[in-house]
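A quick write-up on the structure given underneath.
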Amino acid sequence: MHRSFGFFSLLILLALSACRTHSRNQIPPPQNNRYARLFELRDFDAYTLLTVKQPFPGGDARTYVLQARNATAPLPDSLKNYPLLRVPLQRILATSVTHLEPLEMLRAGDRLVGFTQTRYIVSDYFRQRVNDGQLRDVGNEMMPDAEAILALRPDALLVFSTGNDRKDFSLYRKAGIPVVYIAEWLETTPLGRAEWLRVFGALTGRRKQADSLFDRICARYEHTRDSINRLLKNSKRPKVFRGGMFGDKWYVSGGASWAARLVRDAGGNYIIRDSTHTGSMALNYENAVAYLLRSGIWLDPGSWTSRQQIRKAVPQAVRAPFWQAGKIYSVNLKTNSRGQIIFFERSPMHPDWVLDDLARIFHSDSVSGSSLHFYAPLPD
């Protein structure tokens, strides 16, 4: 029996509560987000303004006008230069697997008519729609089939951009297809990423459902986090390293990233916590190994899927505290029946599940992969 049995029994017994309060003033200030910092919803009588504050790193804010499909009231002249989206959207084209889970959660997956590189879809629901001919593949995400996209006549194109990928969306804008930047990946907190569920709710006409779902996610996450920190107040937290080697560089989570926040909220001591990077950062071999040798847990060791592979590539690892304890866990080992990794598609909208995984890994002597949502221990 794990020594943390009582700890998790206590977590299960904690009652869930809503994570935010709702307040609606008569004037239309932006709706207060609890965690997300990169979008804003502002309700007016005849329309809603959606502002994506940072569509990509270094990008200027983009504002969209959301108006009911059956609305007849004219819009103010001041809004005529903003893209108009008639909501709820009926025909959506998406370009990232992270766009799929919120649509499925809101039971709006039947609105998705096109997707780039459908072979990467993990969801059984969307895979079935592809097989049935209801969801069309529109080519490579970097160079999609423009003719196929225009032929689908989507109400909106949901896009992901790094700002340096040189994607050109002008053709679709000229054709009257609004291009909506989904920038959840730039948020610096796990719940900030999940709160973009509310953007999908606004686009699909499922705002109440989105608020309710986020309330539950937020409540579960906050109760787990707060309970861990309360119970570990005077206890030693395990040192955690997260990242792996690609080529001649090690890529690890920055100390100010959402991934580092997850480690801290799960009761871990992120060993690169002093870094101010909000995304990933590169280390040379020597620095990475120095961090590894002081770590009690290693998360996400890149493409390595066994301890034997690590022993050959990083022989120093056998001297680290995590080695004898068997505390090396990866998301690459949790796959669906087709061998596809489920973490990247599903986890952004389920940080409460990720936190639960990490809490079990950090505070149990050993954890089997069958008891975790996204992680599994590396075999020998």
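In the structure tokens, chains take letters A, B, ... by order of appearance, with residues numbered from 1 within each chain and ligands from 1 in the order shown.
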Secondary structure check, alpha helix (DSSP H) residues of stretch 143-305 of chain A, as a PyMOL selection string: chain A and resi 146-152+170-174+190-194+197-204+207-231+258-265+285-292
Name all residues at most 6 Å from stretch 293-306 of chain A (count only C-alpha atoms; drop same-chain ones fewer than 2 positions away) and give them as a list in words.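 Listing them by chain and then by number gives Pro238, Lys239, Val240, Phe241, Arg242, Gly243, Gly244, Met245, Ala290, Tyr291, Gln308, Gln309, Ala320, Pro321, Phe322, Lys327, Ile328, Tyr329, Ser330, Leu378, Pro379 and Asp380 of chain A.
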Store the residues picked out above, limited to N, CA and C atoms, as a CSV table (one decimal), in the first residue's frame.
chain,number,residue,atom,x,y,z
A,238,PRO,N,10.0,17.1,-3.3
A,238,PRO,CA,11.0,16.4,-4.2
A,238,PRO,C,11.5,17.4,-5.3
A,239,LYS,N,12.8,17.3,-5.6
A,239,LYS,CA,13.4,18.1,-6.6
A,239,LYS,C,13.0,17.4,-8.0
A,240,VAL,N,12.5,18.3,-8.9
A,240,VAL,CA,12.0,17.7,-10.2
A,240,VAL,C,12.7,18.4,-11.3
A,241,PHE,N,13.1,17.6,-12.3
A,241,PHE,CA,13.7,18.0,-13.5
A,241,PHE,C,12.7,17.6,-14.6
A,242,ARG,N,12.4,18.6,-15.6
A,242,ARG,CA,11.5,18.3,-16.7
A,242,ARG,C,12.1,18.7,-18.0
A,243,GLY,N,12.3,17.7,-18.9
A,243,GLY,CA,12.9,17.9,-20.2
A,243,GLY,C,13.8,16.8,-20.7
A,244,GLY,N,14.2,16.9,-22.0
A,244,GLY,CA,15.0,15.9,-22.6
A,244,GLY,C,15.9,16.5,-23.6
A,245,MET,N,16.7,15.6,-24.2
A,245,MET,CA,17.7,16.0,-25.2
A,245,MET,C,17.2,15.8,-26.6
A,290,ALA,N,24.1,18.4,-14.7
A,290,ALA,CA,24.3,18.9,-13.3
A,290,ALA,C,23.0,19.0,-12.6
A,291,TYR,N,21.9,19.5,-13.3
A,291,TYR,CA,20.6,19.5,-12.7
A,291,TYR,C,20.1,18.1,-12.4
A,308,GLN,N,17.0,1.8,-20.3
A,308,GLN,CA,18.2,1.3,-21.0
A,308,GLN,C,18.7,2.4,-22.0
A,309,GLN,N,17.8,3.0,-22.7
A,309,GLN,CA,18.2,4.0,-23.7
A,309,GLN,C,18.8,5.2,-23.0
A,320,ALA,N,21.9,9.5,-10.2
A,320,ALA,CA,21.0,10.5,-9.7
A,320,ALA,C,20.0,9.8,-8.8
A,321,PRO,N,19.4,10.6,-7.9
A,321,PRO,CA,18.4,10.0,-6.9
A,321,PRO,C,17.2,9.4,-7.6
A,322,PHE,N,16.8,9.9,-8.7
A,322,PHE,CA,15.6,9.3,-9.3
A,322,PHE,C,15.8,7.9,-9.9
A,327,LYS,N,12.0,6.9,-10.5
A,327,LYS,CA,11.1,8.0,-10.7
A,327,LYS,C,11.4,8.7,-12.0
A,328,ILE,N,11.2,8.1,-13.2
A,328,ILE,CA,11.3,8.7,-14.5
A,328,ILE,C,9.9,8.4,-15.2
A,329,TYR,N,9.2,9.5,-15.5
A,329,TYR,CA,7.9,9.4,-16.1
A,329,TYR,C,7.8,10.2,-17.3
A,330,SER,N,7.1,9.6,-18.3
A,330,SER,CA,6.9,10.3,-19.6
A,330,SER,C,5.5,10.2,-20.1
A,378,LEU,N,9.0,4.9,-17.0
A,378,LEU,CA,9.8,4.3,-18.1
A,378,LEU,C,10.2,2.9,-17.6
A,379,PRO,N,10.0,1.9,-18.5
A,379,PRO,CA,10.4,0.5,-18.1
A,379,PRO,C,11.9,0.4,-18.3
A,380,ASP,N,12.4,-0.7,-17.8
A,380,ASP,CA,13.9,-1.0,-18.0
A,380,ASP,C,14.2,-1.2,-19.5
Exercise: A:Gly326 partners within 8 Å, only C-alpha atoms, chain neighbours under 3 positions left out, as a PyMOL selection string: chain A and resi 322-323+366+377
Have a look at A:Ile341, A:Met349, A:Ile92, A:Ile121 and name the one nearest to A:Tyr375; count only C-alpha atoms.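 Under the stated criterion, the closest residue is A:Ile341.
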Within 8 Å of A:Tyr35, counting only C-alpha atoms, which residues show up once you throw out same-chain ones fewer than 4 positions away? Write them as a ChimeraX atom specification, please. /A:189,191-192,195
Export of the given selection (N, CA and C atoms) as a PDB file, in the first residue's frame:
ATOM      1  N   THR A 189      -0.018  29.877 -17.096  1.00  0.00           N
ATOM      2  CA  THR A 189      -0.554  29.038 -16.032  1.00  0.00           C
ATOM      3  C   THR A 189      -1.418  27.935 -16.644  1.00  0.00           C
ATOM      4  N   LEU A 191      -4.287  26.714 -15.614  1.00  0.00           N
ATOM      5  CA  LEU A 191      -5.698  27.096 -15.650  1.00  0.00           C
ATOM      6  C   LEU A 191      -5.936  28.241 -16.634  1.00  0.00           C
ATOM      7  N   GLY A 192      -4.924  29.050 -16.885  1.00  0.00           N
ATOM      8  CA  GLY A 192      -5.044  30.075 -17.917  1.00  0.00           C
ATOM      9  C   GLY A 192      -5.249  29.453 -19.279  1.00  0.00           C
ATOM     10  N   GLU A 195      -8.792  28.046 -19.478  1.00  0.00           N
ATOM     11  CA  GLU A 195      -9.858  29.054 -19.514  1.00  0.00           C
ATOM     12  C   GLU A 195     -10.197  29.483 -20.936  1.00  0.00           C
TER      13      GLU A 195
END
Which of stretch 120-215 of chain A end up as strand (DSSP E or B) when DSSP is run on this backbone - answer as a ChimeraX atom specification? /A:136-137,139,144,156-159,179-181
Write a file of the just-selected residues containing C-alpha atoms, as an mmCIF file, in the first residue's frame.
data_model
loop_
_atom_site.group_PDB
_atom_site.id
_atom_site.type_symbol
_atom_site.label_atom_id
_atom_site.label_comp_id
_atom_site.auth_asym_id
_atom_site.auth_seq_id
_atom_site.Cartn_x
_atom_site.Cartn_y
_atom_site.Cartn_z
ATOM 1 C CA ARG A 136 -12.075 16.884 -44.480
ATOM 2 C CA ASP A 137 -8.285 16.933 -44.456
ATOM 3 C CA GLY A 139 -3.386 19.461 -46.099
ATOM 4 C CA PRO A 144 -2.677 23.980 -46.390
ATOM 5 C CA ALA A 156 -14.075 30.944 -39.323
ATOM 6 C CA LEU A 157 -10.549 29.618 -39.495
ATOM 7 C CA LEU A 158 -9.024 28.884 -36.092
ATOM 8 C CA VAL A 159 -5.255 29.224 -36.331
ATOM 9 C CA VAL A 179 -9.047 34.206 -39.135
ATOM 10 C CA VAL A 180 -9.194 33.735 -35.351
ATOM 11 C CA TYR A 181 -5.941 33.315 -33.434
#
Residue neighbourhood A:Arg62, 9 Å, only C-alpha atoms, exclusion window fewer than 4 positions, as a PyMOL selection string: chain A and resi 50-55+82+180-181
Which residues come within 10 Å of A:Pro74, counting only C-alpha atoms, excluding same-chain residues fewer than 3 positions away, as a list in words? Ala46, Ala71 and Asp77 of chain A
Expected file: the selected residues, N, CA and C atoms, as a short mmCIF file (atom, residue, chain, number, x, y, z; two decimals), in the first residue's frame:
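Saved to again26.cif:
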data_model
loop_
_atom_site.label_atom_id
_atom_site.label_comp_id
_atom_site.auth_asym_id
_atom_site.auth_seq_id
_atom_site.Cartn_x
_atom_site.Cartn_y
_atom_site.Cartn_z
N ALA A 46 -25.95 44.29 -28.34
CA ALA A 46 -26.20 43.64 -29.62
C ALA A 46 -25.03 42.81 -30.13
N ALA A 71 -29.26 38.31 -35.79
CA ALA A 71 -29.32 39.72 -35.39
C ALA A 71 -29.50 40.62 -36.62
N ASP A 77 -20.28 52.19 -36.59
CA ASP A 77 -19.27 52.38 -37.63
C ASP A 77 -17.87 52.10 -37.12
#
How many Å lie between atom CA of A:Lys174 and atom CA of A:Ile149, rounded to one decimal?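 Distance reported for this atom pair: 13.1 Å.
The interatomic distance for the pair atom CA of A:Phe343 and atom CA of A:Asp215 works out to 21.6 Å.
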Could you check how far atom CA of A:Leu372 sits from atom CA of A:Leu333, in Å to one decimal? 11.2 Å
Go through A:Tyr125, A:Phe362, A:Trp250, A:Tyr221 and flag the residue nearest A:Val263, using only C-alpha atoms for the distances.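 Closest to A:Val263 of all the choices is A:Phe362.
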